Amino acid sequence: MAMIRRTLLALRTSMWLGWQVESNWTDPFLFAVYSLVRPLAGVLILFFMFVVLSGGQRGPMLNFFLVGSALWPYVVNSLQGIAFTVVEDREEYRTIRYLYLVPVPYAVYLIGRAVAKAVIASIAVIMTFGFAVIVLGLPIDPTVVDAPYLTVSFLLGFVGMWAMGMVVAALSLNLTQHAWSLPDAVGGALYLLCGAIFPITQLPTPLRLAGSLLPVTYWLEAMRRALFGLSIGSFPSLSNEAIFLRLVLSTIGACIMGFGIFAWGERLAKTSGNLDRTSNY
Amino acid sequence: MTHNLLLNLRAVIGRAYPRIVGQNRAPTWVFYDILLPLLAVTAFVFVYRALNAPPEFTGFVIIGGSMLAFWGNVLWGMGAELFWEKNDGTLELIMMVPCSRMAILVGMAAGGMFAASLRALVTIIVGVVLFNVRFDLSRLPMLLAVFVLTMIALYGLGMLFASLYLLWGREAWHINNLLMEPVNLTSGMYFPVRAFGQMLGLIFSLIPLTPGLDAMRQLLFPAQPMGLIPVRYEIAILAVLGMVFAVAASRALRYMENLAKTEGRLTVRWQ
């Protein structure tokens, strides 16, 4: 019981720390603008890519683009965010050795930081969706939205993203020279593989199979189905239940792999002396 | 005069040297900095495939993706560089050397351009080999002129950023992040900038990437006439931008250096 209480306290503290680190570099207005501009630009890039070909017409494919792009900050902040936390702690703030001195597992601290990043991403996601609905005409009909499916899938997706983030964190702990590049690079790979901005049916078979193993792929598919019902998607032949089942299974797999690899990576970083090795790279 | 010129030339070479040699000492950067970022660019190719776009649009993405390497280098390798130097405690050393600060920045640009050029080249090769992109090279001299002018203007902008970042602390990191996607949008990195309409397109042409990319696409894909304005006007815009940014960077660097010194922020780390 005391351990659970201590873990929750550690989570809360690292969430607060994460919020401070992410937001206290500027005033709230600029922070809100900063949080919004990037995802909004991402959505608009896809919007213009679509309209330059369609001549201003709307269509289900545009909805596909907009939803994937609007939700992408969650993936960036949750998955890449965990890895960037490791690199910042080690390379920029140089606090990682002190974090290992406190009686809280580093993994718990990382999850707390990731939760803070997810909260920050929510600001961007909500505002981007608002912009997409009001300005770009994203047709979200509340009578069509499957709220229970949306809620459960939405929350489950974070578990999968954080678990995958732990894998990238484990690699970052052991990389000295390219640790800054790795999280962005992994994000780029996911952008291609998980059906964020196009259905993975477009991909060559080996890449499509790789994408089919990722919980983020099923999370994005479930979000689109919950918002629009069965429309253009990455898995046209699967039912909503099948997508949810695959989301659950891939999340469980990601958790086993993520936390297992993180434990291994942490041990390796300690024994190799990479844990607090700053590269100035 | 000759002594100063030689000194500054040596400073340019000296600053470019570690960037070029450093790449060879850690060849794993090819995987992390070239191959993995390519995947995100590739995603935009599949977007156009999902839309059954004409093949030239794949070429638009490939050219945009290759120029993205230079923009990333301008932001992170030029703009933020003095901020990194400050955090690493080496900015003081740079300030002590008896050469022009601009020579240091030009050296940074030259060294950074080397790595960015390799990444751009790989992007183009991938486009040709994997996605069967075909370029029309009948106006190669003009294309090279556009490319060189774009680089001069772009790296001039990078030098201007470098001076601004001297004053900033953590903001530098966030401002750089902030500038990535919006510039990808406003420069038409993945679509013809004409989609914005002529007025907005011209306003966005203050960013050198916008006229540079548009002109290159017009020259490389004449079968898909989606240019914003004629190439000769875009060349003129790029020439003017190059001169303006170079002069502005030189003045801003002096001003910001003095300001940072008087405010005592020149070497303050982790603020």
# chains A, B, ... in the order shown; residues from 1 in each chain; ligands from 1
>>> interface_residues(of="chain A", to="chain B", cutoff="9 Å", atoms="only C-alpha atoms", output="CSV table (one decimal) with C-alpha atoms, in the first residue's frame")
chain,number,residue,atom,x,y,z
A,25,TRP,CA,9.7,29.3,-20.5
A,26,THR,CA,7.2,31.9,-21.6
A,34,TYR,CA,3.2,27.7,-29.5
A,35,SER,CA,1.1,24.6,-28.6
A,37,VAL,CA,0.8,26.5,-34.4
A,38,ARG,CA,2.6,23.3,-35.1
A,39,PRO,CA,-0.3,20.9,-35.2
A,40,LEU,CA,-2.4,23.5,-37.0
A,41,ALA,CA,0.3,23.9,-39.7
A,42,GLY,CA,0.4,20.1,-40.0
A,44,LEU,CA,-3.2,22.8,-43.1
A,45,ILE,CA,-0.4,21.1,-45.1
A,46,LEU,CA,-2.7,18.1,-45.7
A,48,PHE,CA,-3.9,22.2,-49.1
A,49,MET,CA,-2.4,18.9,-50.5
A,50,PHE,CA,-6.0,17.7,-50.8
A,51,VAL,CA,-7.6,20.9,-52.2
A,52,VAL,CA,-4.9,21.5,-54.7
A,53,LEU,CA,-6.0,18.3,-56.4
A,54,SER,CA,-9.7,18.3,-55.6
A,61,MET,CA,-10.3,11.2,-47.6
A,65,PHE,CA,-6.3,13.4,-43.2
A,92,GLU,CA,20.7,19.5,-21.5
A,93,TYR,CA,19.8,19.8,-17.8
A,177,GLN,CA,25.7,10.7,-30.4
A,178,HIS,CA,22.3,10.4,-32.0
A,181,SER,CA,17.8,12.6,-33.6
A,182,LEU,CA,16.3,9.3,-32.6
A,184,ASP,CA,12.1,12.6,-34.2
A,185,ALA,CA,13.3,9.8,-36.5
A,186,VAL,CA,11.0,7.2,-34.8
A,187,GLY,CA,8.2,9.7,-35.0
A,188,GLY,CA,8.8,10.0,-38.7
A,189,ALA,CA,8.8,6.3,-39.2
A,190,LEU,CA,5.5,6.0,-37.3
A,191,TYR,CA,4.1,8.8,-39.5
A,192,LEU,CA,4.7,6.5,-42.4
A,193,LEU,CA,3.7,3.2,-40.9
A,196,ALA,CA,-1.6,8.7,-39.6
A,197,ILE,CA,-2.2,10.6,-42.9
A,198,PHE,CA,-3.0,7.9,-45.4
A,199,PRO,CA,-4.6,4.4,-45.2
A,202,GLN,CA,-1.3,2.2,-49.8
A,203,LEU,CA,1.9,0.8,-48.3
A,280,ASN,CA,27.7,17.6,-26.3
>>> atom_distance(atom1="atom CA of A:Leu173", atom2="atom CA of A:Ile256")
18.7 Å
>>> atom_distance(atom1="atom CA of A:Ala226", atom2="atom CA of A:Gln80")
25.3 Å
>>> residues_around(residues="B:Arg101", least_positions_apart="5", cutoff="12 Å", atoms="only C-alpha atoms", output="NGL selection string")
:B and (7-9 or 11-12 or 15 or 82 or 91 or 93-96 or 106-108 or 159-160 or 162-163 or 249-254 or 256-257)
>>> closest_residue(among="B:Val146, B:Val61, B:Ile20, B:Leu206", to="B:Val128", atoms="only C-alpha atoms")
B:Val61
>>> residues_around(residues="A:Pro183", least_positions_apart="4", cutoff="9 Å", atoms="only C-alpha atoms", output="PyMOL selection string")
chain A and resi 76+79-84+165+168-169+172+179+187-188
